[in-house]
$ cat work-v3.cif   # mmCIF, C-alpha atoms
data_my_file
loop_
_atom_site.label_atom_id
_atom_site.label_comp_id
_atom_site.auth_asym_id
_atom_site.auth_seq_id
_atom_site.Cartn_x
_atom_site.Cartn_y
_atom_site.Cartn_z
CA MET A 1078 -48.18 3.52 32.35
CA THR A 1079 -47.99 0.15 30.66
CA ILE A 1080 -45.46 -2.63 30.04
CA PRO A 1081 -43.48 -2.09 26.82
CA THR A 1082 -42.98 -5.05 24.52
CA GLU A 1083 -40.55 -5.40 21.61
CA ALA A 1084 -39.33 -8.02 19.18
CA ILE A 1085 -35.64 -8.86 19.20
CA GLY A 1086 -34.96 -8.62 15.49
CA SER A 1087 -35.04 -11.31 12.85
CA LEU A 1088 -38.10 -13.02 11.40
CA PRO A 1089 -38.24 -15.91 8.92
CA ARG A 1090 -38.10 -14.69 5.33
CA PRO A 1091 -41.12 -15.31 3.09
CA ARG A 1092 -40.80 -18.02 0.44
CA THR A 1093 -40.56 -15.42 -2.33
CA LEU A 1094 -37.50 -13.86 -0.69
CA LEU A 1095 -35.85 -17.22 -0.01
CA THR A 1096 -36.28 -18.09 -3.69
CA ALA A 1097 -34.84 -14.72 -4.70
CA LEU A 1098 -31.82 -15.26 -2.42
CA ALA A 1099 -31.17 -18.63 -4.06
CA ASP A 1100 -31.57 -17.12 -7.52
CA HIS A 1101 -29.20 -14.28 -6.65
CA ALA A 1102 -26.56 -16.69 -5.34
CA ALA A 1103 -26.84 -18.67 -8.58
CA GLY A 1104 -26.54 -15.55 -10.72
CA ARG A 1105 -30.08 -15.76 -12.09
CA ILE A 1106 -31.11 -12.32 -10.77
CA ASP A 1107 -29.07 -9.17 -10.12
CA ASP A 1108 -28.68 -7.00 -7.02
CA ALA A 1109 -31.51 -4.67 -8.03
CA GLU A 1110 -34.00 -7.50 -8.43
CA LEU A 1111 -33.00 -9.00 -5.06
CA ALA A 1112 -33.42 -5.58 -3.43
CA LYS A 1113 -37.01 -5.43 -4.70
CA HIS A 1114 -37.83 -8.72 -2.97
CA GLN A 1115 -36.11 -7.59 0.23
CA GLU A 1116 -38.06 -4.32 0.27
CA ALA A 1117 -41.35 -6.14 -0.31
CA ALA A 1118 -40.59 -8.54 2.55
CA THR A 1119 -39.65 -5.64 4.83
CA ALA A 1120 -42.86 -3.76 4.05
CA GLU A 1121 -44.98 -6.86 4.67
CA THR A 1122 -43.17 -7.57 7.95
CA LEU A 1123 -43.78 -4.06 9.25
CA SER A 1124 -47.43 -4.17 8.19
CA ARG A 1125 -48.09 -7.51 9.90
CA LEU A 1126 -46.42 -6.42 13.13
CA ALA A 1127 -48.54 -3.27 13.16
CA GLU A 1128 -51.68 -5.35 12.60
CA LEU A 1129 -50.76 -7.46 15.63
CA GLY A 1130 -50.63 -4.33 17.77
CA SER A 1131 -46.86 -4.19 18.22
CA PRO A 1132 -46.14 -0.75 19.69
CA VAL A 1133 -42.56 -0.82 18.36
CA LEU A 1134 -41.71 -2.41 15.01
CA VAL A 1135 -38.65 -4.15 13.59
CA ASP A 1136 -37.87 -4.86 9.95
CA GLY A 1137 -37.34 -8.57 10.66
CA GLU A 1138 -33.81 -8.28 9.22
CA GLN A 1139 -35.26 -9.20 5.84
CA ALA A 1140 -32.38 -7.57 3.95
CA LYS A 1141 -29.55 -8.77 6.21
CA PRO A 1142 -27.52 -11.86 5.25
CA SER A 1143 -27.30 -12.48 9.00
CA PHE A 1144 -27.49 -10.52 12.24
CA LEU A 1145 -23.73 -10.93 12.57
CA THR A 1146 -22.15 -10.47 9.15
CA TYR A 1147 -24.14 -7.59 7.64
CA PRO A 1148 -21.36 -4.99 8.20
CA VAL A 1149 -18.77 -7.03 6.27
CA ALA A 1150 -20.94 -8.15 3.35
CA GLY A 1151 -18.82 -7.46 0.29
CA LEU A 1152 -15.57 -6.86 2.19
CA ALA A 1153 -12.73 -8.13 0.00
CA SER A 1154 -10.24 -8.72 2.83
CA LEU A 1155 -12.01 -11.76 4.28
CA ALA A 1156 -11.30 -15.49 4.16
CA PRO A 1157 -13.95 -18.10 4.96
CA ASP A 1158 -11.99 -20.11 7.54
CA GLY A 1159 -12.68 -18.20 10.76
CA ALA A 1160 -13.91 -19.28 14.19
CA ILE A 1161 -16.41 -22.15 14.30
CA VAL A 1162 -19.47 -21.97 16.56
CA PRO A 1163 -20.88 -25.41 17.43
CA PHE A 1164 -24.56 -25.83 18.29
CA ALA A 1165 -26.13 -28.43 20.57
CA ASP A 1166 -27.74 -30.36 17.71
CA GLY A 1167 -24.36 -30.85 16.00
CA HIS A 1168 -24.53 -28.20 13.28
CA THR A 1169 -22.02 -25.36 13.16
CA ARG A 1170 -21.65 -21.82 11.88
CA GLN A 1171 -18.26 -20.58 10.72
CA LEU A 1172 -17.27 -16.94 10.84
CA PRO A 1173 -15.07 -15.32 8.22
CA VAL A 1174 -11.60 -14.11 9.19
CA LEU A 1175 -9.94 -10.80 8.38
CA THR A 1176 -6.87 -10.99 6.15
CA ALA A 1177 -5.83 -7.33 5.89
CA GLY A 1178 -6.50 -3.90 7.31
CA PRO A 1179 -7.75 -1.32 7.79
CA PHE A 1180 -11.10 -2.64 8.97
CA ARG A 1181 -14.13 -0.77 7.66
CA TYR A 1182 -17.84 -1.56 7.64
CA GLN A 1183 -19.21 -2.06 4.15
CA VAL A 1184 -22.85 -1.69 5.24
CA ARG A 1185 -24.26 0.30 8.14
CA ALA A 1186 -27.47 -0.54 9.96
CA ALA A 1187 -28.85 2.95 9.35
CA GLN A 1188 -29.45 1.83 5.78
CA TYR A 1189 -31.92 -0.82 6.98
CA LEU A 1190 -33.54 1.70 9.31
CA ARG A 1191 -34.08 4.21 6.49
CA ASP A 1192 -35.62 1.53 4.32
CA ALA A 1193 -37.98 0.45 7.10
CA ARG A 1194 -39.09 3.94 8.05
CA ARG A 1195 -40.25 4.57 4.50
CA HIS A 1196 -43.01 2.03 5.12
CA THR A 1197 -44.33 3.03 8.55
CA GLU A 1198 -45.00 5.97 10.84
CA LEU A 1199 -44.72 3.77 13.94
CA PRO A 1200 -41.55 3.61 16.08
CA VAL A 1201 -38.86 1.29 14.68
CA LYS A 1202 -36.12 -0.38 16.70
CA GLN A 1203 -32.86 -1.19 14.93
CA ALA A 1204 -30.59 -4.09 15.85
CA VAL A 1205 -26.83 -3.81 15.35
CA ILE A 1206 -24.05 -6.29 15.99
CA ALA A 1207 -21.95 -5.70 19.10
CA PRO A 1208 -18.30 -4.84 18.46
CA SER A 1209 -17.31 -7.76 20.69
CA ALA A 1210 -18.74 -10.19 18.13
CA LEU A 1211 -16.83 -8.62 15.27
CA SER A 1212 -13.63 -8.73 17.32
CA LEU A 1213 -13.67 -12.46 16.59
CA LEU A 1214 -12.84 -11.69 12.95
CA TYR A 1215 -9.23 -10.91 13.81
CA PRO A 1216 -7.01 -14.01 13.42
CA ALA A 1217 -5.21 -15.50 16.40
CA ASP A 1218 -1.86 -15.38 14.56
CA GLY A 1219 -2.28 -11.70 13.67
CA ILE A 1220 -2.05 -9.76 10.41
CA ALA A 1221 1.27 -8.49 9.09
CA GLY A 1222 1.35 -4.71 9.23
CA TYR A 1223 -1.99 -4.46 11.06
CA ALA A 1224 -1.74 -5.04 14.80
CA ARG A 1225 -4.70 -6.20 16.86
CA GLU A 1226 -4.64 -2.89 18.74
CA ASP A 1227 -5.06 -1.02 15.46
CA PHE A 1228 -7.91 -3.33 14.47
CA LEU A 1229 -9.73 -2.81 17.77
CA ARG A 1230 -9.38 0.95 17.43
CA ASP A 1231 -10.83 0.82 13.93
CA LEU A 1232 -13.58 -1.54 15.11
CA ALA A 1233 -14.59 0.79 17.95
CA ASP A 1234 -14.81 3.73 15.54
CA GLU A 1235 -16.91 1.73 13.08
CA ALA A 1236 -19.24 0.39 15.79
CA GLU A 1237 -19.77 3.87 17.18
CA ALA A 1238 -20.67 5.14 13.72
CA ASP A 1239 -23.08 2.23 13.22
CA ILE A 1240 -24.95 2.99 16.44
CA ARG A 1241 -24.84 6.76 16.04
CA GLY A 1242 -26.19 6.57 12.52
CA CYS A 1243 -29.25 4.72 13.80
CA LEU A 1244 -29.84 7.13 16.67
CA GLU A 1245 -29.55 10.11 14.33
CA GLY A 1246 -31.72 8.29 11.79
CA GLY A 1247 -34.65 8.29 14.22
CA ALA A 1248 -34.51 4.79 15.69
CA HIS A 1249 -36.82 4.34 18.66
CA ALA A 1250 -34.01 2.27 20.19
CA VAL A 1251 -30.78 0.62 19.09
CA GLN A 1252 -30.15 -2.93 20.26
CA LEU A 1253 -26.66 -4.44 20.38
CA ASP A 1254 -26.77 -8.17 19.69
CA PHE A 1255 -24.39 -9.74 22.23
CA THR A 1256 -25.14 -13.44 21.80
CA GLU A 1257 -21.45 -14.33 22.07
CA ALA A 1258 -21.51 -13.32 25.75
CA ARG A 1259 -22.77 -16.63 27.11
CA LEU A 1260 -20.74 -18.58 24.55
CA SER A 1261 -17.58 -16.85 25.77
CA LEU A 1262 -17.97 -18.59 29.14
CA LYS A 1263 -17.92 -21.94 27.39
CA LEU A 1264 -14.78 -20.96 25.50
CA ASP A 1265 -13.16 -19.43 28.60
CA PRO A 1266 -14.79 -20.46 31.91
CA SER A 1267 -12.49 -18.09 33.80
CA GLY A 1268 -14.53 -15.17 32.49
CA GLY A 1269 -11.50 -13.39 31.05
CA LEU A 1270 -12.88 -13.38 27.50
CA LEU A 1271 -16.28 -12.15 28.72
CA ASN A 1272 -14.62 -9.32 30.64
CA ASP A 1273 -12.70 -8.35 27.50
CA PHE A 1274 -15.95 -8.33 25.53
CA VAL A 1275 -17.69 -6.12 28.11
CA ALA A 1276 -14.73 -3.73 28.22
CA LEU A 1277 -14.67 -3.40 24.43
CA ASN A 1278 -18.41 -2.78 24.23
CA ASN A 1279 -18.24 -0.22 27.04
CA GLN A 1280 -15.36 1.53 25.28
CA VAL A 1281 -17.82 2.21 22.47
CA LEU A 1282 -20.84 2.89 24.68
CA ASP A 1283 -18.94 5.44 26.77
CA ARG A 1284 -18.71 7.64 23.65
CA PHE A 1285 -22.46 8.35 23.96
CA THR A 1286 -24.27 10.67 26.32
CA GLU A 1287 -26.49 9.43 29.11
CA ALA A 1288 -29.56 10.48 27.10
CA GLU A 1289 -28.29 8.57 24.08
CA ARG A 1290 -27.53 5.45 26.14
CA ALA A 1291 -31.13 5.52 27.40
CA ARG A 1292 -32.08 4.59 23.81
CA ILE A 1293 -29.42 1.89 23.52
CA GLY A 1294 -29.88 -1.68 24.73
CA VAL A 1295 -28.12 -5.00 24.65
CA HIS A 1296 -29.58 -8.41 23.87
CA THR A 1297 -28.21 -11.67 25.22
CA CYS A 1298 -29.26 -15.25 24.59
CA PRO A 1299 -27.64 -18.71 24.24
CA GLY A 1300 -27.91 -18.53 20.45
CA GLY A 1301 -30.88 -19.58 18.38
CA ASP A 1302 -30.24 -21.14 14.99
CA GLN A 1303 -32.03 -24.01 13.28
CA ASP A 1304 -33.96 -24.63 16.51
CA SER A 1305 -30.77 -25.17 18.50
CA THR A 1306 -28.56 -23.18 20.89
CA HIS A 1307 -24.82 -22.91 21.44
CA SER A 1308 -24.57 -22.15 25.15
CA LEU A 1309 -27.81 -22.89 27.01
CA ASP A 1310 -25.80 -25.21 29.27
CA VAL A 1311 -23.76 -22.28 30.61
CA ASP A 1312 -25.04 -21.04 33.98
CA TYR A 1313 -26.79 -17.70 33.50
CA ALA A 1314 -25.64 -16.63 36.96
CA ASP A 1315 -22.06 -16.59 35.66
CA LEU A 1316 -23.01 -14.17 32.88
CA LEU A 1317 -25.52 -11.72 34.31
CA PRO A 1318 -23.28 -9.75 36.72
CA ALA A 1319 -20.89 -8.96 33.86
CA LEU A 1320 -23.75 -8.23 31.46
CA PHE A 1321 -25.22 -5.59 33.77
CA ARG A 1322 -21.90 -3.73 33.79
CA LEU A 1323 -22.69 -2.61 30.25
CA ASN A 1324 -23.52 1.10 30.06
CA VAL A 1325 -26.91 0.86 28.36
CA GLY A 1326 -30.44 1.80 29.29
CA ASN A 1327 -32.13 -1.44 28.21
CA PHE A 1328 -31.39 -5.13 28.61
CA TYR A 1329 -33.15 -7.77 26.49
CA VAL A 1330 -32.64 -11.11 28.25
CA GLN A 1331 -33.67 -14.59 27.16
CA LEU A 1332 -35.79 -16.19 29.87
CA ALA A 1333 -38.66 -18.31 28.47
CA SER A 1334 -36.31 -21.21 27.62
CA GLU A 1335 -34.66 -21.27 31.06
CA THR A 1336 -35.39 -24.31 33.22
CA ASP A 1337 -35.45 -22.21 36.42
CA PRO A 1338 -36.64 -18.72 35.50
CA GLU A 1339 -37.30 -17.74 39.12
CA ARG A 1340 -33.60 -18.24 39.92
CA VAL A 1341 -32.60 -16.13 36.93
CA LEU A 1342 -35.04 -13.39 37.89
CA ALA A 1343 -33.56 -13.32 41.40
CA VAL A 1344 -30.09 -12.82 39.94
CA ILE A 1345 -31.39 -10.03 37.68
CA ALA A 1346 -33.03 -8.34 40.68
CA ASP A 1347 -29.69 -8.40 42.52
CA GLN A 1348 -27.94 -6.75 39.56
CA LEU A 1349 -30.66 -4.24 38.68
CA ARG A 1350 -29.70 -0.58 38.96
CA PRO A 1351 -31.92 2.50 38.79
CA GLY A 1352 -32.71 3.97 35.42
CA VAL A 1353 -32.54 0.80 33.31
CA ARG A 1354 -35.27 -1.41 31.92
CA VAL A 1355 -35.13 -5.19 31.60
CA PHE A 1356 -37.09 -6.79 28.76
CA VAL A 1357 -37.58 -10.45 29.72
CA GLY A 1358 -38.09 -13.14 27.13
CA VAL A 1359 -41.62 -14.56 27.31
CA THR A 1360 -41.68 -16.59 24.07
CA ASP A 1361 -39.14 -19.16 22.93
CA PRO A 1362 -38.36 -19.09 19.18
CA VAL A 1363 -36.54 -22.44 19.42
CA ASP A 1364 -39.67 -24.21 20.71
CA PRO A 1365 -42.11 -24.94 17.84
CA ARG A 1366 -45.09 -24.80 20.20
CA VAL A 1367 -46.88 -21.44 20.23
CA GLU A 1368 -47.34 -20.03 23.70
CA THR A 1369 -50.80 -18.89 24.77
CA PRO A 1370 -51.42 -15.29 25.85
CA GLU A 1371 -52.23 -16.64 29.31
CA GLU A 1372 -48.83 -18.34 29.55
CA VAL A 1373 -47.17 -15.10 28.56
CA ARG A 1374 -49.24 -13.21 31.13
CA ASP A 1375 -48.12 -15.56 33.89
CA ARG A 1376 -44.47 -15.22 32.88
CA VAL A 1377 -44.76 -11.44 33.02
CA LEU A 1378 -46.43 -11.56 36.43
CA ALA A 1379 -43.64 -13.82 37.70
CA ALA A 1380 -41.07 -11.31 36.47
CA ALA A 1381 -42.97 -8.46 38.13
CA ARG A 1382 -42.43 -10.16 41.50
CA HIS A 1383 -38.70 -9.54 41.08
CA ILE A 1384 -38.41 -6.47 38.82
CA PRO A 1385 -40.23 -3.18 39.53
CA VAL A 1386 -42.93 -2.82 36.92
CA ASP A 1387 -41.62 0.58 35.83
CA GLN A 1388 -38.35 -1.17 34.90
CA LEU A 1389 -39.97 -4.16 33.19
CA GLY A 1390 -40.62 -4.97 29.55
CA THR A 1391 -41.13 -8.10 27.47
CA CYS A 1392 -39.54 -9.52 24.35
CA ASP A 1393 -38.96 -12.79 22.54
CA ASP A 1394 -36.00 -14.84 23.76
CA CYS A 1395 -34.13 -14.39 20.49
CA GLY A 1396 -34.58 -13.56 16.85
CA PHE A 1397 -36.55 -16.15 14.89
CA SER A 1398 -34.17 -16.41 11.93
CA PRO A 1399 -30.82 -14.74 12.68
CA PHE A 1400 -29.29 -16.25 9.54
CA ALA A 1401 -31.14 -15.76 6.26
CA ASP A 1402 -31.05 -19.48 5.44
CA ASP A 1403 -32.59 -20.58 8.76
CA THR A 1404 -36.04 -21.95 7.90
CA SER A 1405 -36.49 -24.06 11.04
CA THR A 1406 -39.34 -21.83 12.23
CA SER A 1407 -42.13 -20.90 9.85
CA ARG A 1408 -43.09 -17.29 9.30
CA GLU A 1409 -46.62 -18.01 10.51
CA THR A 1410 -45.37 -19.58 13.75
CA ALA A 1411 -43.17 -16.57 14.42
CA PHE A 1412 -46.05 -14.13 13.98
CA ALA A 1413 -48.30 -16.32 16.16
CA LYS A 1414 -45.73 -16.20 18.96
CA ILE A 1415 -45.43 -12.44 18.61
CA ALA A 1416 -49.23 -12.12 18.80
CA ALA A 1417 -49.18 -14.15 22.01
CA ARG A 1418 -46.46 -11.90 23.44
CA VAL A 1419 -48.35 -8.71 22.64
CA LYS A 1420 -51.66 -10.03 23.97
CA GLY A 1421 -50.13 -11.68 27.02
CA THR A 1422 -48.19 -8.55 27.97
CA ALA A 1423 -51.41 -6.55 27.78
CA LEU A 1424 -53.16 -9.13 29.99
CA ALA A 1425 -50.38 -8.84 32.55
CA ALA A 1426 -50.58 -5.06 32.54
CA GLU A 1427 -54.33 -5.32 33.16
CA ALA A 1428 -53.79 -7.78 35.99
CA LEU A 1429 -51.29 -5.39 37.56
CA GLY A 1430 -53.77 -2.52 37.30
CA LEU A 1431 -51.71 -0.53 34.86
#

$ encode --input "work-v3.cif" --output "structure tokens"
Amino acid sequence: MTIPTEAIGSLPRPRTLLTALADHAAGRIDDAELAKHQEAATAETLSRLAELGSPVLVDGEQAKPSFLTYPVAGLASLAPDGAIVPFADGHTRQLPVLTAGPFRYQVRAAQYLRDARRHTELPVKQAVIAPSALSLLYPADGIAGYAREDFLRDLADEAEADIRGCLEGGAHAVQLDFTEARLSLKLDPSGGLLNDFVALNNQVLDRFTEAERARIGVHTCPGGDQDSTHSLDVDYADLLPALFRLNVGNFYVQLASETDPERVLAVIADQLRPGVRVFVGVTDPVDPRVETPEEVRDRVLAAARHIPVDQLGTCDDCGFSPFADDTSTSRETAFAKIAARVKGTALAAEALGL
């Protein structure tokens, strides 16, 4: 027995890939040339994670435009003026908005998984976007001839196919990115929007067997983009009871950046049910300082005072570069933090006699 540890998903892209992305946007290189750079970056990411001793690998989302928009890349029925997400430092991200139906994914995450597995024999986790996030693409004033109910039915079908394709493609685990959960409480403090999100996600998750859901997890955090967050000021205690209603086997929860982690851990312990595992964040991608393995060890030991060790895992608080153009954290810093997480988790396991 040991304590499992996993990355969340995205890693900063290497300079060669960032240059290729800029060249592709300017029309200087074609899709095939960009794909070569993305594959090289993916292969290097997997190799470096393996060298650090990561027991489960991720592709670092090197080929995704963002953790959120990958399924709709190339979709013609989109306009750019969707919902705006404000971050604490003043910058914003704007989502696209759907202009016509039916809604169909243009890219499925299984494609990224297949590409990654060509370069490694180690287990690979695949991140997918939660259907609740994509529900924000539907405009508030509706779409003529395409009711919201029809959109949500199509969305559920597409999200199920996205997850199922990864499970059938041999993913070690599939992680739903649910970063809009905490933000929803800022948009609607009553919790109504959050409850709608949980219900939609469970509508999809209930289509899987118990054995399949054991390989499915959900990640939550207050956002992490350009070293800023969108909802860290929202009380975690208002989110966690709803989060743990999700029918998944694994929960990946941001914790390292919390001001009172002991309080959060107590709430998690109250919500914990048998048969699930909680991966607690022990490194903070928004903080430029690299944690030491000893700091990570102590964070794990603190978590083990609240969560049974056979239900405990560790992760990073968030992805390091959820949008391809986010260069606020260097690639070297990200790998240094991951090294600290892997080493610190091993130190904690040793201290616990595992």

$ residues_around --input "work-v3.cif" --residues "Gln1171 in chain A" --least-positions-apart "5" --cutoff "7 Å" --atoms "all atoms listed in the file" --output "PyMOL selection string"
chain A and resi 1159-1162

$ resolve_selection --input "work-v3.cif" --expression "the PyMOL selection byres ((chain A and resi 1404) around 10)" --output "list of chain:residue names"
A:Leu1088, A:Pro1089, A:Arg1090, A:Pro1091, A:Arg1092, A:Leu1095, A:Asp1302, A:Gln1303, A:Asp1304, A:Phe1397, A:Ser1398, A:Phe1400, A:Ala1401, A:Asp1402, A:Asp1403, A:Ser1405, A:Thr1406, A:Ser1407, A:Arg1408

$ write_last_selection --input "work-v3.cif" --atoms "C-alpha atoms" --output "PDB file, in the frame of the given file"
ATOM      1  CA  LEU A1088     -38.100 -13.020  11.400  1.00  0.00           C
ATOM      2  CA  PRO A1089     -38.240 -15.910   8.920  1.00  0.00           C
ATOM      3  CA  ARG A1090     -38.100 -14.690   5.330  1.00  0.00           C
ATOM      4  CA  PRO A1091     -41.120 -15.310   3.090  1.00  0.00           C
ATOM      5  CA  ARG A1092     -40.800 -18.020   0.440  1.00  0.00           C
ATOM      6  CA  LEU A1095     -35.850 -17.220  -0.010  1.00  0.00           C
ATOM      7  CA  ASP A1302     -30.240 -21.140  14.990  1.00  0.00           C
ATOM      8  CA  GLN A1303     -32.030 -24.010  13.280  1.00  0.00           C
ATOM      9  CA  ASP A1304     -33.960 -24.630  16.510  1.00  0.00           C
ATOM     10  CA  PHE A1397     -36.550 -16.150  14.890  1.00  0.00           C
ATOM     11  CA  SER A1398     -34.170 -16.410  11.930  1.00  0.00           C
ATOM     12  CA  PHE A1400     -29.290 -16.250   9.540  1.00  0.00           C
ATOM     13  CA  ALA A1401     -31.140 -15.760   6.260  1.00  0.00           C
ATOM     14  CA  ASP A1402     -31.050 -19.480   5.440  1.00  0.00           C
ATOM     15  CA  ASP A1403     -32.590 -20.580   8.760  1.00  0.00           C
ATOM     16  CA  SER A1405     -36.490 -24.060  11.040  1.00  0.00           C
ATOM     17  CA  THR A1406     -39.340 -21.830  12.230  1.00  0.00           C
ATOM     18  CA  SER A1407     -42.130 -20.900   9.850  1.00  0.00           C
ATOM     19  CA  ARG A1408     -43.090 -17.290   9.300  1.00  0.00           C
TER      20      ARG A1408
END

$ residues_around --input "work-v3.cif" --residues "Pro1299 in chain A" --least-positions-apart "3" --cutoff "8 Å" --atoms "all atoms listed in the file" --output "list in words"
Thr1256, Glu1257, Arg1259, Leu1260, Thr1306, His1307, Ser1308, Leu1309 and Gln1331 of chain A

$ write_last_selection --input "work-v3.cif" --atoms "C-alpha atoms" --output "PDB file, in the coordinates of the input"
ATOM      1  CA  THR A1256     -25.140 -13.440  21.800  1.00  0.00           C
ATOM      2  CA  GLU A1257     -21.450 -14.330  22.070  1.00  0.00           C
ATOM      3  CA  ARG A1259     -22.770 -16.630  27.110  1.00  0.00           C
ATOM      4  CA  LEU A1260     -20.740 -18.580  24.550  1.00  0.00           C
ATOM      5  CA  THR A1306     -28.560 -23.180  20.890  1.00  0.00           C
ATOM      6  CA  HIS A1307     -24.820 -22.910  21.440  1.00  0.00           C
ATOM      7  CA  SER A1308     -24.570 -22.150  25.150  1.00  0.00           C
ATOM      8  CA  LEU A1309     -27.810 -22.890  27.010  1.00  0.00           C
ATOM      9  CA  GLN A1331     -33.670 -14.590  27.160  1.00  0.00           C
TER      10      GLN A1331
END

$ resolve_selection --input "work-v3.cif" --expression "the PyMOL selection byres ((chain A and resi 1155) around 12)" --output "number ranges by chain"
A: 1146, 1149-1154, 1156-1159, 1172-1181, 1214-1216, 1220

$ closest_residue --input "work-v3.cif" --among "A:Pro1081, A:Pro1148, A:Gly1300, A:Gly1358" --to "Val1133 in chain A" --atoms "only C-alpha atoms"
A:Pro1081

$ closest_residue --input "work-v3.cif" --among "A:Glu1371, A:Asp1265, A:Asp1361, A:Asp1192" --to "Asp1315 in chain A" --atoms "all atoms listed in the file"
A:Asp1265

$ atom_distance --input "work-v3.cif" --atom1 "CA of Asp1387 in chain A" --atom2 "CA of Leu1123 in chain A"
27.1 Å
